[in-house]
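For reference, model_27.txt is printed below; it contains compact mmCIF, C-alpha atoms.
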# COMPACT_ATOMS: atom_id res chain seq x y z
CA MET F 1 107.49 101.79 69.44
CA ARG F 2 111.04 103.18 69.45
CA HIS F 3 111.58 106.34 71.34
CA VAL F 4 114.50 108.58 72.04
CA PRO F 5 115.20 108.25 75.73
CA ASP F 6 115.49 111.36 77.83
CA GLU F 7 118.84 110.58 79.39
CA ARG F 8 118.92 113.54 81.75
CA SER F 9 116.99 113.00 84.92
CA ASP F 10 114.34 115.56 85.85
CA ASP F 11 114.62 118.30 88.47
CA ARG F 12 112.85 116.26 91.12
CA SER F 13 115.27 113.33 90.78
CA VAL F 14 118.26 115.65 90.89
CA ARG F 15 116.93 117.35 94.02
CA LEU F 16 116.28 113.99 95.69
CA VAL F 17 119.73 112.64 94.85
CA ARG F 18 121.42 115.74 96.26
CA ALA F 19 119.35 115.58 99.46
CA ALA F 20 120.00 111.84 99.79
CA GLN F 21 123.73 112.39 99.34
CA ARG F 22 123.59 114.92 102.17
CA GLY F 23 122.13 112.23 104.44
CA ASP F 24 118.39 112.92 104.24
CA THR F 25 116.87 109.44 104.51
CA LEU F 26 113.37 110.74 103.60
CA ALA F 27 114.78 111.79 100.24
CA MET F 28 116.27 108.31 99.95
CA ALA F 29 112.86 106.77 100.68
CA GLU F 30 111.27 108.93 98.00
CA LEU F 31 114.02 107.93 95.61
CA VAL F 32 113.29 104.24 96.22
CA ASP F 33 109.65 104.80 95.27
CA LEU F 34 110.74 106.71 92.19
CA LEU F 35 113.29 104.14 91.00
CA ALA F 36 111.58 100.86 91.96
CA PRO F 37 109.21 100.65 88.95
CA TYR F 38 112.02 101.42 86.49
CA VAL F 39 114.50 99.03 88.07
CA GLY F 40 111.73 96.40 88.27
CA ARG F 41 111.10 96.72 84.53
CA VAL F 42 114.77 96.50 83.54
CA CYS F 43 115.49 93.57 85.86
CA SER F 44 112.37 91.56 84.99
CA ALA F 45 113.07 91.80 81.28
CA ILE F 46 116.47 90.21 81.86
CA ALA F 47 116.12 88.04 84.96
CA LEU F 48 112.46 87.02 84.35
CA ASP F 49 111.28 85.00 87.38
CA GLN F 50 114.24 86.28 89.39
CA GLY F 51 113.24 89.85 88.49
CA ALA F 52 112.28 90.82 92.04
CA ASP F 53 115.52 89.41 93.51
CA ALA F 54 117.53 91.18 90.84
CA ALA F 55 115.69 94.47 91.34
CA GLN F 56 116.28 94.32 95.09
CA GLU F 57 119.98 93.62 94.62
CA ALA F 58 120.21 96.39 92.04
CA LEU F 59 118.61 98.92 94.38
CA VAL F 60 120.85 97.77 97.24
CA ALA F 61 123.84 98.47 94.97
CA VAL F 62 122.36 101.83 93.95
CA PHE F 63 121.90 103.04 97.51
CA ARG F 64 125.18 101.62 98.72
CA SER F 65 127.06 103.71 96.17
CA LEU F 66 124.75 106.70 95.75
CA ARG F 67 127.37 108.95 97.37
CA THR F 68 129.73 108.21 94.49
CA LEU F 69 127.33 109.54 91.83
CA LYS F 70 128.99 112.83 90.92
CA ASP F 71 126.42 114.05 88.40
CA PRO F 72 122.87 113.58 89.76
CA GLY F 73 121.52 114.43 86.30
CA ALA F 74 123.01 111.16 85.05
CA LEU F 75 120.95 109.14 87.55
CA ARG F 76 118.86 107.23 85.02
CA GLY F 77 121.77 105.91 82.98
CA TRP F 78 123.76 105.13 86.12
CA VAL F 79 120.86 103.17 87.64
CA ARG F 80 120.24 101.39 84.35
CA ALA F 81 123.85 100.19 84.15
CA ILE F 82 123.67 98.82 87.70
CA ALA F 83 120.27 97.17 87.08
CA VAL F 84 121.44 95.47 83.87
CA ARG F 85 124.62 94.19 85.55
CA GLU F 86 122.77 92.83 88.58
CA ALA F 87 119.98 91.28 86.48
CA VAL F 88 122.43 89.42 84.23
CA ARG F 89 124.35 88.22 87.28
CA VAL F 90 121.23 87.04 89.14
CA ALA F 91 119.85 85.35 86.01
CA HIS F 92 123.08 83.38 85.54
CA ARG F 93 123.25 82.47 89.19
CA ALA F 94 119.68 81.15 89.06
CA ALA F 95 119.97 79.31 85.78
CA ARG F 96 123.37 77.64 86.03
CA THR F 97 122.58 76.18 82.63
CA VAL F 98 124.17 76.29 79.22
CA PRO F 99 123.20 79.29 77.09
CA ALA F 100 120.07 78.78 75.04
CA ASP F 101 120.58 77.52 71.52
CA LEU F 102 118.63 80.05 69.52
CA SER F 103 118.62 77.98 66.36
CA ALA F 104 116.65 75.28 68.18
CA LEU F 105 113.62 77.47 68.60
CA PRO F 106 110.47 75.78 67.35
CA ALA F 107 108.09 77.70 65.17
CA ARG F 108 105.08 79.09 66.93
CA GLY F 109 101.56 79.02 65.64
CA ASP F 110 98.74 81.49 66.15
CA PRO F 111 100.54 83.65 68.68
CA GLN F 112 98.95 85.02 71.77
CA LEU F 113 101.39 87.83 71.87
CA ALA F 114 102.20 88.22 75.54
CA ALA F 115 102.49 84.50 76.15
CA ASP F 116 104.72 84.14 73.12
CA ILE F 117 107.01 86.98 74.10
CA ARG F 118 107.48 85.34 77.47
CA ASP F 119 108.08 82.00 75.80
CA VAL F 120 110.70 83.49 73.49
CA LEU F 121 112.34 85.44 76.31
CA ASP F 122 112.63 82.22 78.28
CA ARG F 123 114.73 80.75 75.49
CA LEU F 124 117.16 83.63 75.21
CA SER F 125 120.24 84.04 77.36
CA PRO F 126 120.20 86.92 79.89
CA GLU F 127 122.62 88.87 77.67
CA HIS F 128 120.34 88.49 74.65
CA ARG F 129 117.38 89.68 76.68
CA ALA F 130 119.47 92.62 77.91
CA VAL F 131 120.40 93.65 74.38
CA LEU F 132 116.81 93.37 73.19
CA MET F 133 115.45 95.33 76.15
CA LEU F 134 118.08 98.07 75.92
CA ARG F 135 117.34 98.55 72.28
CA ASP F 136 113.56 98.11 72.12
CA VAL F 137 112.43 99.37 75.52
CA GLU F 138 115.19 101.81 76.41
CA GLY F 139 115.83 102.94 72.84
CA LEU F 140 119.63 102.71 73.10
CA ASP F 141 121.84 102.31 70.06
CA GLU F 142 124.13 99.28 69.70
CA ARG F 143 127.24 101.12 70.78
CA THR F 144 125.72 102.26 74.07
CA ALA F 145 124.27 98.82 74.74
CA ALA F 146 127.64 97.24 74.02
CA ALA F 147 129.43 99.57 76.41
CA LEU F 148 126.86 98.79 79.08
CA LEU F 149 127.26 95.06 78.75
CA GLY F 150 131.01 95.22 78.36
CA VAL F 151 131.05 93.58 74.91
CA ARG F 152 132.01 94.69 71.42
CA THR F 153 129.48 96.47 69.22
CA GLY F 154 129.69 93.65 66.69
CA THR F 155 128.67 91.17 69.37
CA VAL F 156 125.65 93.28 70.27
CA LYS F 157 124.69 93.57 66.61
CA SER F 158 124.78 89.83 66.09
CA ARG F 159 122.95 89.16 69.37
CA LEU F 160 120.33 91.68 68.45
CA HIS F 161 119.96 90.25 65.00
CA ARG F 162 119.48 86.75 66.34
CA ALA F 163 117.15 87.82 69.12
CA ARG F 164 114.98 89.89 66.80
CA ASP F 165 114.99 87.11 64.25
CA THR F 166 113.75 84.76 66.94
CA PHE F 167 110.97 87.15 67.81
CA ARG F 168 109.99 87.62 64.22
CA LYS F 169 109.84 83.88 63.65
CA ALA F 170 107.79 83.35 66.79
CA TRP F 171 105.28 85.99 65.81
CA THR F 172 104.89 85.34 62.15
CA SER F 173 105.07 81.58 61.81
CA MET B 1 105.77 96.22 72.94
CA ASN B 2 106.82 97.76 76.25
CA GLU B 3 103.68 96.72 78.06
CA LEU B 4 104.20 93.10 76.99
CA TRP B 5 107.56 92.76 78.68
CA PRO B 6 107.49 91.18 82.12
CA THR B 7 107.71 93.55 85.04
CA THR B 8 107.79 93.39 88.81
CA ASP B 9 106.67 95.53 91.68
CA LEU B 10 109.07 95.57 94.59
CA ASP B 11 107.25 94.86 97.84
CA PRO B 12 107.86 97.03 100.91
CA VAL B 13 110.18 94.50 102.60
CA ARG B 14 112.47 94.47 99.56
CA ARG B 15 112.39 98.29 99.44
CA LEU B 16 113.40 98.42 103.08
CA HIS B 17 116.48 96.28 102.36
CA ALA B 18 117.45 98.64 99.54
CA LEU B 19 117.06 101.74 101.68
CA ALA B 20 118.91 100.28 104.64
CA ALA B 21 121.85 99.59 102.32
CA GLY B 22 122.23 103.35 102.00
CA VAL B 23 122.31 103.92 105.76
CA ARG B 24 125.67 103.17 107.31
CA GLY B 25 125.41 100.92 110.37
CA ALA B 26 121.81 99.91 109.66
CA GLN B 27 120.70 96.30 110.10
CA VAL B 28 117.48 94.80 108.79
CA THR B 29 115.68 92.25 110.93
CA GLU B 30 113.25 90.20 108.88
CA ALA B 31 110.72 87.63 110.07
CA TYR B 32 107.77 85.62 108.84
CA LEU B 33 104.69 85.88 111.05
CA ASP B 34 101.88 83.37 111.04
CA ALA B 35 99.17 86.04 110.92
CA PRO B 36 97.41 87.77 108.03
CA PHE B 37 98.73 91.11 106.80
CA GLU B 38 95.58 92.99 107.85
CA ARG B 39 96.02 91.90 111.44
CA VAL B 40 99.73 92.67 111.50
CA TRP B 41 99.27 96.09 109.95
CA SER B 42 96.35 96.98 112.22
CA LEU B 43 99.00 96.94 114.96
CA LEU B 44 102.04 98.33 113.13
CA GLY B 45 100.04 100.95 111.25
CA ASP B 46 98.64 102.40 114.48
CA LEU B 47 101.31 104.98 115.24
CA GLU B 48 99.81 106.06 118.55
CA GLY B 49 99.08 102.48 119.64
CA GLY B 50 100.63 99.22 118.52
CA PHE B 51 103.56 100.87 116.72
CA GLY B 52 104.93 102.33 119.96
CA GLN B 53 104.51 99.01 121.74
CA VAL B 54 106.45 97.15 119.07
CA VAL B 55 109.22 99.57 118.09
CA THR B 56 111.33 99.32 121.19
CA ASP B 57 112.72 102.81 121.09
CA MET B 58 109.40 104.59 121.13
CA ARG B 59 106.92 105.49 123.73
CA ARG B 60 104.15 108.07 123.77
CA LEU B 61 104.10 108.77 120.09
CA ARG B 62 101.63 111.44 119.08
CA VAL B 63 100.71 112.27 115.48
CA VAL B 64 100.63 116.04 115.08
CA ARG B 65 100.13 116.31 111.34
CA ARG B 66 99.07 114.07 108.52
CA GLN B 67 98.76 114.94 104.85
CA GLY B 68 98.18 112.03 102.52
CA GLU B 69 101.05 109.62 103.17
CA ARG B 70 103.15 112.24 104.92
CA VAL B 71 103.11 112.19 108.66
CA GLU B 72 104.70 114.15 111.47
CA ALA B 73 104.77 112.85 115.03
CA LEU B 74 106.18 113.79 118.39
CA ALA B 75 107.82 110.99 120.31
CA ARG B 76 109.63 110.45 123.53
CA SER B 77 112.22 107.73 123.27
CA ARG B 78 113.25 105.58 126.20
CA TYR B 79 116.46 107.56 126.29
CA GLY B 80 114.32 110.49 127.35
CA MET B 81 114.89 112.43 124.16
CA GLY B 82 111.97 114.22 122.63
CA ALA B 83 111.90 113.74 118.90
CA ARG B 84 109.98 115.28 116.05
CA LEU B 85 109.67 112.50 113.52
CA ARG B 86 108.81 113.18 109.91
CA GLY B 87 108.18 110.65 107.23
CA VAL B 88 105.88 108.55 105.14
CA GLN B 89 103.31 105.99 106.18
CA ARG B 90 101.09 103.80 104.04
CA PRO B 91 99.83 100.21 104.29
CA GLY B 92 102.91 98.00 104.66
CA TRP B 93 105.35 100.88 104.94
CA CYS B 94 106.52 103.35 107.54
CA TRP B 95 109.74 105.37 107.30
CA LEU B 96 110.34 108.07 109.89
CA GLN B 97 113.35 110.19 110.73
CA SER B 98 114.20 112.89 113.21
CA ARG B 99 117.57 114.53 113.66
CA PHE B 100 118.62 111.75 116.04
CA LEU B 101 116.37 108.82 115.17
CA LEU B 102 115.52 106.62 112.25
CA ILE B 103 112.70 104.07 112.13
CA GLY B 104 111.79 101.86 109.18
CA VAL B 105 109.03 99.25 109.24
CA ALA B 106 107.78 97.18 106.32
CA ALA B 107 105.26 94.38 105.93
CA THR B 108 103.98 92.38 102.99
CA PRO B 109 101.57 89.44 102.65
CA GLU B 110 103.28 86.08 102.11
CA GLY B 111 101.08 83.06 101.65
CA LEU B 112 98.66 83.02 104.57
CA GLY B 113 101.05 84.99 106.76
CA THR B 114 103.06 88.19 106.68
CA ARG B 115 106.70 89.01 106.20
CA VAL B 116 107.87 91.95 108.29
CA ALA B 117 111.13 93.86 108.42
CA PHE B 118 112.50 96.43 110.85
CA THR B 119 115.43 98.79 110.69
CA GLY B 120 116.57 101.93 112.41
CA GLY B 121 118.26 103.21 115.53
CA VAL B 122 120.00 106.25 116.90
CA ARG B 123 121.10 108.43 114.04
CA LEU B 124 124.31 110.35 113.69
CA PRO B 125 122.75 113.83 113.63
CA SER B 126 121.14 114.50 110.23
CA ARG B 127 123.19 111.84 108.49
CA ALA B 128 122.38 108.59 106.72
CA ALA B 129 124.24 106.67 109.38
CA LEU B 130 123.36 105.01 112.67
CA VAL B 131 125.26 104.63 115.89
CA PRO B 132 126.16 100.98 115.47
CA VAL B 133 125.14 99.93 118.96
CA GLY B 134 122.31 97.51 119.57
CA VAL B 135 120.74 97.90 116.12
CA ARG B 136 120.48 94.16 115.61
CA ARG B 137 119.13 93.50 119.10
CA GLU B 138 116.47 96.21 118.74
CA GLY B 139 115.13 94.63 115.56
CA ALA B 140 114.92 91.21 117.18
CA ARG B 141 113.07 92.69 120.14
CA SER B 142 110.57 94.38 117.85
CA VAL B 143 109.80 91.04 116.23
CA GLU B 144 109.38 89.41 119.65
CA LYS B 145 107.04 92.14 120.87
CA LEU B 146 104.98 92.07 117.70
CA THR B 147 104.66 88.28 117.86
CA ALA B 148 103.50 88.50 121.48
CA LEU B 149 100.80 91.04 120.56
CA LEU B 150 99.35 89.00 117.70
Output the structure of this file as structure tokens.
Amino acid sequence: MRHVPDERSDDRSVRLVRAAQRGDTLAMAELVDLLAPYVGRVCSAIALDQGADAAQEALVAVFRSLRTLKDPGALRGWVRAIAVREAVRVAHRAARTVPADLSALPARGDPQLAADIRDVLDRLSPEHRAVLMLRDVEGLDERTAAALLGVRTGTVKSRLHRARDTFRKAWTS
Amino acid sequence: MNELWPTTDLDPVRRLHALAAGVRGAQVTEAYLDAPFERVWSLLGDLEGGFGQVVTDMRRLRVVRRQGERVEALARSRYGMGARLRGVQRPGWCWLQSRFLLIGVAATPEGLGTRVAFTGGVRLPSRAALVPVGVRREGARSVEKLTALL
């Protein structure tokens, strides 16, 4: 299910960003509709039940600083970085718990896939979920994911390894 | 795998907060109303009726063109200015701008009631910025008027 992400935003997005930066609030409204599903996906994968709060805060941050986006073609990556940052922050604020101990995961039997994914995601830390989502949904390589999360590539590799291992165990046991 | 990841759809009230963040000087007034969404939106969604009664700046709003969600209306504000408003309207959402005005209204079902949010005001000509006078008071008055009509 890996895909190579199209990092450059399409003509419509570029046009909307330029119009929004010039002060056209209708273009901004259209941009909200365009970005909301994407931001919702990124934030929910990381912040889970706080996904809607995180997505709202991410979009608030996006529109507050839209004027500073110099290259409208880079919109998608720019929005993704903001969404990941806000989702991790909101997830930590909501949880206020110790990071999940991945080694303590029980084996799962006869998986109903969606339910199990959710169950496994619940047991990962927000950063683990971010790494997994960036790699498996967004198709980013470890280096890009590491830069986005502000950690070393080695850290991402080990997080990814553990997160994927957890998934594999949950699905196959 | 993508379709198995959790996702969320941002309701109109949340979208309004996001948009308002991009408009300098804008304030969002949010309220919970003890009335079902259908009833609330039958008022707010009626641009030539309930909408003008609730949004304090507007009177005599007349829809001159409608194409799908896109709408164009002529309005006379209480400041006496004639305005040609253009924007988008759909259930739970209305966002209109003219050169000098900005109006945003959102509503979403919440439990047995409805959460509503208002923003807008007098616009700095053609910019994503409002004259920061009375924007908070106007929102509160819209909520009061809407509550009285329900």
Grab the CA of Arg123 (chain B) to CA of Leu101 (chain B) distance for me, in Å with one decimal place. 4.9 Å
So, with all atoms listed in the file as the atoms that count, which of F:Arg8, F:Arg22, F:His92, F:Arg15 lies closest to chain B? F:Arg22
Could you write out as a VMD selection string the residues of chain B within 8 Å of chain F, counting all atoms listed in the file? chain B and resid 1 to 2 4 to 10 14 to 15 17 to 19 21 to 23 87 to 88 95 to 97 126 to 129
Selection: 9 Å around region 66-68 of chain B, all atoms listed in the file, excl. self and same-chain fewer than 5 positions, as JSON, numbers by chain: {"B": [73, 88, 89, 90]}
Compile the contact shell of Glu72 (chain B) as a PDB file with C-alpha atoms, in the frame of the given file: residues with an atom at most 7 Å away, counting only C-alpha atoms, same-chain residues fewer than 3 positions apart removed.
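For reference, around09.pdb as written:
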ATOM      1  CA  VAL B  63     100.710 112.270 115.480  1.00  0.00           C
ATOM      2  CA  VAL B  64     100.630 116.040 115.080  1.00  0.00           C
ATOM      3  CA  ARG B  65     100.130 116.310 111.340  1.00  0.00           C
ATOM      4  CA  ARG B  66      99.070 114.070 108.520  1.00  0.00           C
ATOM      5  CA  LEU B  85     109.670 112.500 113.520  1.00  0.00           C
ATOM      6  CA  ARG B  86     108.810 113.180 109.910  1.00  0.00           C
ATOM      7  CA  GLY B  87     108.180 110.650 107.230  1.00  0.00           C
TER       8      GLY B  87
END
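Nearest residue to Arg159 (chain F) among F:Lys70, F:His128, F:Arg135, F:Arg143 is F:His128, counting only C-alpha atoms.
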Specify the axis-aligned box that encloses all atoms of region 10-19 of chain F listed in the file after padding of 5 Å on each side, stating its centre and edge lengths in Å to one decimal as JSON.
{"center_x": 117.1, "center_y": 115.5, "center_z": 92.7, "size_x": 18.6, "size_y": 15.7, "size_z": 23.6}
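Taking CA of Ala94 (chain F) and CA of Asp119 (chain F) as the two end points, the separation is 17.6 Å.
Nearest to Trp41 (chain B) of all the residues B:Arg115, B:Arg76, B:Pro132, B:Leu61 is B:Arg115, counting all atoms listed in the file.
In this structure, CA of Val71 (chain B) sits 28.8 Å away from CA of Arg76 (chain F).
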